[in-house]
Structure formats: structure tokens, C-alpha cells
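> Here it is, the structure in full.
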Amino acid sequence: MEVLKVDGLSVYFKSRTQTVVRVVNSVGFEVGASEIFGIVGESGCGKSITAYAIMSILPDNAYYEGAIYFQGQNMSSLSDEGRRQLRGNRVSMIFQEPMTSLNPVLTIGYQIAEVLTTHKAVSRKEARDRAIQLLADVKIPFPEVRFNDYPHQMSGGMRQRVMIAMAVACDPALVIADEPTTALDVTIQAQILNLLHGIKEEKNMSMLLITHDLGIIAEHTRRVMVMYAGRIMELATTEELFKTPQHPYTRGLINSLPRGRGIALNPIPGFVPRPENLPEGCKFSDRCSLCTKECKEAEPALRETTTGHFVRCIWSS
């Protein structure tokens, strides 16, 4: 059975004038046991908001419709206290920027131990010992000493390791990693991703990996969902997606990858539109080289072109 199932998820924001804007539109996918499932797309495509809806941490002016099942249980049926007990315990999240996610006035050791004392029946000493072991597990040197450090005393890569330690402290069934290597240099990115992958294998967790980097998707995921303007544009196994990408947006992302020294980049023209100003018909039509009159008349449905390969485009085979 899948660990996470999202069915028909739509997320709405209310403006100060009470205007309602839909930023995620009827998204559905599953994450299987011990699977790394990827979500990829440009900034502003709705990737992080989808994760916030799953974690029930949407801002006060937002709400969602649809169903989110975690290990077969409908999250909507849980009370606020039930969701709080689930977060950080059975499902956890690694956020984009650890400096703004960690409390600057509390030591990193206290913050890791707090996860354990909140969700597990352990003493403060047991939580401290476990936190030190977690720091060692995420390859932070001298963990007994760094336990007493504050976030500002650590580098970006070390802070991200602390976030990983907090996320896996209670041995969750699912970890959502939202752009876990943002603002880190390439060498540290590789270290963090390899660390995450190793912990996932050791603890037999499932992972929802959110990124804009197709290289990360290719190396670490088994299946992937491509999002644009709050919609699924393509969903397939990672191997199939890179072998036979069918949506023009997916092909544009792949063609945007660096080809080598001295070779000019080939970016997708234009920008992701704002949710309240989407084009008619296909939401990618204003940036698509294959766009025709038909594309602008009605939005294509997401359809299965081959087994397990779903595409939202009238030109897909």
C-alpha cells in the first residue's frame, strides 16, 4: 500500500479583498513504500504549496480541497491535535532555507531533542543522547560540542544537516524534502543528497523530493511529476520521462540543462504566469513553440498515453 496518496488536491488563497485565487489545480499522485517520488518545475509552479497542504501548514488565508491520505488515513478526518502529533513524528519535512526554519535563540541540540520529547516518551537525558547520535549520523563532527551551538555558528550545509537530523529523529514513514540543497554550493549539494539517500535506505523511509533541478531528479528518484502553473503537466517513471518526454514543457526543461563548456544555454522563453493571470486553454500556451489556435481554446485533460505515463497536451502521442 502507498504511504501517501493525494487525490484531486486544489489549494486556494484569499486576498485582502476576499478574492479567491486557485494556485494548485486538481493534483493527484501516490508515493509508495520506500519510494523516492520527485516533483519538479520552475519556481512558482505550486510545488512547495502542495507540500504545505500535505503537512497541513498552509497560511491562514489559504485552504485546500481534495483528499490527502497518509498510510490509508484521510488527513481531513484528523483534529488539529491529531495533525500536530503526526507532523514531525510519522511524516516530516525538510524546508528550503534552514536559517529561517531553525530558531536562532535556541541551540541546535535543544531543537533536535525537542522533537523527541514532544513525540516520544523519553527523558531529557535520553533525548540529549539521541540528539547527539543524530548529529553524528548526519556527519557533523564533534557532535557533543556542536550540540550546544546556535544556528548562526554553523555553515549553511551544517544547518541543513541539522534539519535532516530533526526530520528523521522519530523515524518517520515519509520525509518531504523541499529544495533541500537551495543556496548550497555544488559539492555540499552532493553531500547532502547522498546523506539523505543513505538515511532513506537505512531507515526504509519514503521520500517526496521537491526540486527545480532535473539532475537531482535523474539521480535520486524512481517516479517524477512535472508541475506548471499549479497543474500536473507530465507524470511518469524517471527513466521514461528522460527517455521519451512528451510535454513541450518537460522537453523545454531538459533542453535547458547545460550541455558543456562554451555551449549557450537554451532556456524556455518567458516566465511562469501569476495564478490570477493564466492564459486561456493550455496554461503553457504563451511559452510553447507548438501552440496552435486549438491549444488556446480549451485546457487539455491529463491522459495516459502509455502505461503509467500521463501527459497534459493535445500533441502527446
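Residues are named by chain letter and number: chains run A, B, ... in the order of the C-alpha cells, numbers start at 1 in each chain, and ligands are numbered from 1 in the order shown.
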Looking only at strand (DSSP E or B) from DSSP on the backbone, list the matching residues of stretch 29-260 of chain A as a ChimeraX atom specification.
/A:29-31,36-40,62-70,73-74,87,91-94,174-178,206-211,223-228,231-237
> Restricting it to N, CA and C atoms, dump the selection as a short mmCIF file (atom, residue, chain, number, x, y, z; two decimals), in the first residue's frame.

```cif
data_model
loop_
_atom_site.label_atom_id
_atom_site.label_comp_id
_atom_site.auth_asym_id
_atom_site.auth_seq_id
_atom_site.Cartn_x
_atom_site.Cartn_y
_atom_site.Cartn_z
N PHE A 29 -1.38 12.15 -6.96
CA PHE A 29 -0.24 11.24 -7.13
C PHE A 29 -0.14 10.35 -5.90
N GLU A 30 0.69 9.32 -5.97
CA GLU A 30 0.93 8.43 -4.83
C GLU A 30 2.44 8.29 -4.62
N VAL A 31 2.81 8.08 -3.37
CA VAL A 31 4.20 7.77 -3.02
C VAL A 31 4.19 6.39 -2.37
N ILE A 36 11.29 7.04 -3.56
CA ILE A 36 11.60 8.47 -3.68
C ILE A 36 10.84 8.99 -4.89
N PHE A 37 9.83 9.81 -4.64
CA PHE A 37 8.99 10.39 -5.69
C PHE A 37 9.37 11.85 -5.86
N GLY A 38 9.60 12.28 -7.08
CA GLY A 38 10.05 13.64 -7.33
C GLY A 38 8.96 14.55 -7.88
N ILE A 39 9.00 15.81 -7.47
CA ILE A 39 8.18 16.86 -8.08
C ILE A 39 9.14 17.92 -8.59
N VAL A 40 9.02 18.25 -9.88
CA VAL A 40 9.96 19.19 -10.50
C VAL A 40 9.18 20.25 -11.25
N ALA A 62 -5.26 30.58 3.37
CA ALA A 62 -5.30 29.53 2.35
C ALA A 62 -6.06 28.31 2.86
N TYR A 63 -6.62 27.56 1.93
CA TYR A 63 -7.30 26.31 2.27
C TYR A 63 -7.21 25.38 1.08
N TYR A 64 -7.48 24.10 1.32
CA TYR A 64 -7.42 23.15 0.22
C TYR A 64 -8.68 22.32 0.12
N GLU A 65 -8.93 21.81 -1.08
CA GLU A 65 -9.99 20.84 -1.34
C GLU A 65 -9.34 19.59 -1.91
N GLY A 66 -10.04 18.48 -1.80
CA GLY A 66 -9.48 17.21 -2.26
C GLY A 66 -9.15 16.33 -1.07
N ALA A 67 -8.51 15.21 -1.34
CA ALA A 67 -8.22 14.23 -0.30
C ALA A 67 -6.72 13.95 -0.22
N ILE A 68 -6.23 13.87 1.02
CA ILE A 68 -4.84 13.51 1.28
C ILE A 68 -4.86 12.35 2.26
N TYR A 69 -4.33 11.21 1.82
CA TYR A 69 -4.32 10.01 2.66
C TYR A 69 -2.87 9.70 3.04
N PHE A 70 -2.65 9.52 4.34
CA PHE A 70 -1.35 9.09 4.82
C PHE A 70 -1.51 7.72 5.46
N GLN A 73 -5.09 6.74 5.98
CA GLN A 73 -5.95 7.59 6.80
C GLN A 73 -6.14 8.94 6.15
N ASN A 74 -7.39 9.37 6.04
CA ASN A 74 -7.71 10.67 5.45
C ASN A 74 -7.29 11.77 6.42
N ARG A 87 2.74 15.39 12.44
CA ARG A 87 3.85 16.16 11.90
C ARG A 87 5.09 16.01 12.77
N VAL A 91 5.31 11.80 9.69
CA VAL A 91 5.64 12.50 8.44
C VAL A 91 6.34 13.80 8.81
N SER A 92 7.47 14.08 8.16
CA SER A 92 8.25 15.27 8.50
C SER A 92 8.70 15.97 7.23
N MET A 93 9.24 17.17 7.42
CA MET A 93 9.58 18.00 6.26
C MET A 93 10.92 18.69 6.48
N ILE A 94 11.71 18.72 5.43
CA ILE A 94 12.96 19.48 5.40
C ILE A 94 12.71 20.70 4.52
N LEU A 174 7.46 8.94 6.13
CA LEU A 174 7.59 9.81 4.95
C LEU A 174 8.32 11.08 5.32
N VAL A 175 9.31 11.45 4.50
CA VAL A 175 10.00 12.73 4.63
C VAL A 175 9.76 13.53 3.36
N ILE A 176 9.32 14.77 3.51
CA ILE A 176 9.17 15.69 2.38
C ILE A 176 10.37 16.61 2.37
N ALA A 177 11.17 16.52 1.33
CA ALA A 177 12.37 17.35 1.20
C ALA A 177 12.10 18.43 0.16
N ASP A 178 11.90 19.66 0.63
CA ASP A 178 11.53 20.77 -0.25
C ASP A 178 12.78 21.57 -0.61
N SER A 206 9.98 6.50 2.97
CA SER A 206 9.59 7.04 1.68
C SER A 206 9.97 8.52 1.66
N MET A 207 10.16 9.07 0.46
CA MET A 207 10.56 10.47 0.37
C MET A 207 9.85 11.16 -0.80
N LEU A 208 9.37 12.36 -0.53
CA LEU A 208 8.85 13.24 -1.57
C LEU A 208 9.89 14.32 -1.77
N LEU A 209 10.58 14.28 -2.91
CA LEU A 209 11.70 15.17 -3.19
C LEU A 209 11.26 16.26 -4.16
N ILE A 210 11.26 17.50 -3.68
CA ILE A 210 10.81 18.65 -4.48
C ILE A 210 12.03 19.44 -4.91
N THR A 211 12.13 19.73 -6.21
CA THR A 211 13.30 20.44 -6.72
C THR A 211 12.99 21.06 -8.07
N ARG A 223 10.07 7.80 -9.69
CA ARG A 223 8.99 8.39 -10.49
C ARG A 223 9.01 9.89 -10.28
N VAL A 224 8.45 10.62 -11.25
CA VAL A 224 8.52 12.08 -11.18
C VAL A 224 7.25 12.70 -11.75
N MET A 225 6.86 13.82 -11.14
CA MET A 225 5.73 14.61 -11.60
C MET A 225 6.22 15.99 -11.97
N VAL A 226 5.91 16.42 -13.18
CA VAL A 226 6.30 17.75 -13.66
C VAL A 226 5.11 18.69 -13.45
N MET A 227 5.34 19.78 -12.70
CA MET A 227 4.27 20.74 -12.43
C MET A 227 4.52 22.06 -13.16
N TYR A 228 3.42 22.68 -13.56
CA TYR A 228 3.49 24.02 -14.15
C TYR A 228 2.16 24.71 -13.87
N ARG A 231 -0.45 22.79 -11.98
CA ARG A 231 -1.03 21.61 -12.61
C ARG A 231 0.02 20.55 -12.88
N ILE A 232 -0.44 19.31 -13.00
CA ILE A 232 0.44 18.24 -13.47
C ILE A 232 0.51 18.35 -14.99
N MET A 233 1.71 18.50 -15.53
CA MET A 233 1.90 18.51 -16.97
C MET A 233 2.34 17.14 -17.49
N GLU A 234 3.11 16.43 -16.65
CA GLU A 234 3.55 15.10 -17.06
C GLU A 234 3.91 14.30 -15.80
N LEU A 235 3.59 13.02 -15.83
CA LEU A 235 3.89 12.13 -14.71
C LEU A 235 4.30 10.78 -15.28
N ALA A 236 5.47 10.29 -14.88
CA ALA A 236 5.98 9.04 -15.43
C ALA A 236 7.10 8.52 -14.54
N THR A 237 7.60 7.33 -14.87
CA THR A 237 8.82 6.89 -14.22
C THR A 237 9.95 7.82 -14.66
#
```
> At most 10 Å is the cut-off: for each residue in stretch 164-271 of chain A with any atom that close to an atom of stretch 278-295 of chain A, write down the nearest atom pair and the distance in Å rounded to one decimal, counting only C-alpha atoms, chain first then increasing number, as a tab-separated table.

```
residue	atom	partner	partner_atom	distance
A:Tyr228	CA	A:Phe284	CA	7.7
A:Ala229	CA	A:Lys283	CA	6.8
A:Gly230	CA	A:Lys283	CA	9.5
A:Arg231	CA	A:Lys283	CA	8.8
A:Met233	CA	A:Phe284	CA	9.2
A:His247	CA	A:Cys288	CA	9.9
A:Pro248	CA	A:Cys288	CA	6.7
A:Tyr249	CA	A:Phe284	CA	7.3
A:Gly252	CA	A:Cys288	CA	8.9
A:Ile268	CA	A:Arg287	CA	7.2
A:Pro269	CA	A:Arg287	CA	6.0
A:Gly270	CA	A:Arg287	CA	6.1
A:Phe271	CA	A:Arg287	CA	7.9
```
> Could you take the residues named above and write them with C-alpha atoms, as a compact mmCIF listing (two decimals), in the first residue's frame?

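Final output, out15.txt:
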```
# COMPACT_ATOMS: atom_id res chain seq x y z
CA TYR A 228 3.49 24.02 -14.15
CA ALA A 229 1.02 26.74 -13.09
CA GLY A 230 -0.29 24.53 -10.30
CA ARG A 231 -1.03 21.61 -12.61
CA MET A 233 1.90 18.51 -16.97
CA HIS A 247 5.09 17.52 -22.94
CA PRO A 248 6.72 20.58 -24.55
CA TYR A 249 7.35 21.99 -21.06
CA GLY A 252 11.99 22.60 -22.54
CA ILE A 268 12.33 28.32 -22.09
CA PRO A 269 11.19 31.79 -23.22
CA GLY A 270 9.03 33.88 -20.92
CA PHE A 271 8.06 33.39 -17.29
```
> Ranking A:Pro180, A:Arg124, A:His212, A:Ile112 by minimum distance to A:Ala165 and counting only C-alpha atoms, which one comes first?
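That would be A:Ile112, the residue with the smallest distance to A:Ala165.
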> Find the residues near A:Ala53: any atom within 8 Å, counting only C-alpha atoms, skip ones fewer than 3 places away on the same chain, and give them as a ChimeraX atom specification.
/A:11,49-50,56-58,63-64
> Residues near A:Phe242, anyone? I mean within 10 Å using only C-alpha atoms, not counting same-chain ones fewer than 4 positions away, as an mmCIF file with C-alpha atoms, in the first residue's frame.

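Final output, around.cif:
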```cif
data_model
loop_
_atom_site.group_PDB
_atom_site.id
_atom_site.type_symbol
_atom_site.label_atom_id
_atom_site.label_comp_id
_atom_site.auth_asym_id
_atom_site.auth_seq_id
_atom_site.Cartn_x
_atom_site.Cartn_y
_atom_site.Cartn_z
ATOM 1 C CA LEU A 214 16.439 17.761 -13.231
ATOM 2 C CA ILE A 217 15.575 14.076 -10.213
ATOM 3 C CA ALA A 218 17.504 11.850 -12.628
ATOM 4 C CA ALA A 236 5.976 9.037 -15.429
ATOM 5 C CA THR A 237 8.825 6.890 -14.217
ATOM 6 C CA THR A 238 12.047 8.884 -14.161
ATOM 7 C CA GLN A 246 6.140 14.113 -24.239
ATOM 8 C CA THR A 250 9.212 18.864 -19.973
ATOM 9 C CA ARG A 251 11.281 18.917 -23.158
ATOM 10 C CA ILE A 254 15.512 19.085 -20.331
#
```
> Near A:Val138, counting only C-alpha atoms, which residues have an atom at most 12 Å away, once you skip same-chain residues fewer than 5 positions from it, shown as a ChimeraX atom specification?
/A:131-133,143,157-169,191-200
> From the options A:Val311, A:Ala183, A:Ile216, A:Leu102, which residue's atoms come nearest to A:Pro245, counting only C-alpha atoms?
A:Val311
> Just to confirm, what's the straight-line distance from atom CA of A:Arg222 to atom CA of A:Glu239 in Å (one decimal)?
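Computed distance, atom CA of A:Arg222 to atom CA of A:Glu239, equals 7.6 Å.
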> Compare A:Glu2, A:Arg84, A:Ile188, A:Cys170 by their minimum atom-to-atom distance to A:Ala121, counting only C-alpha atoms, and give me the closest one.
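When distances to A:Ala121 are compared using only C-alpha atoms, the smallest one comes from A:Cys170.
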> Taking the chain letters and numbering used in this document, name the residues of stretch 97-253 of chain A that DSSP puts in helix (DSSP H, G or I), as JSON, numbers by chain.
{"A": [98, 99, 100, 101, 108, 109, 110, 111, 112, 113, 114, 115, 116, 117, 118, 119, 124, 125, 126, 127, 128, 129, 130, 131, 132, 133, 134, 135, 136, 137, 143, 144, 145, 146, 151, 152, 153, 156, 157, 158, 159, 160, 161, 162, 163, 164, 165, 166, 167, 168, 186, 187, 188, 189, 190, 191, 192, 193, 194, 195, 196, 197, 198, 199, 200, 201, 202, 203, 214, 215, 216, 217, 218, 219, 220, 238, 239, 240, 241, 242, 243, 248, 249, 250, 251, 252, 253]}
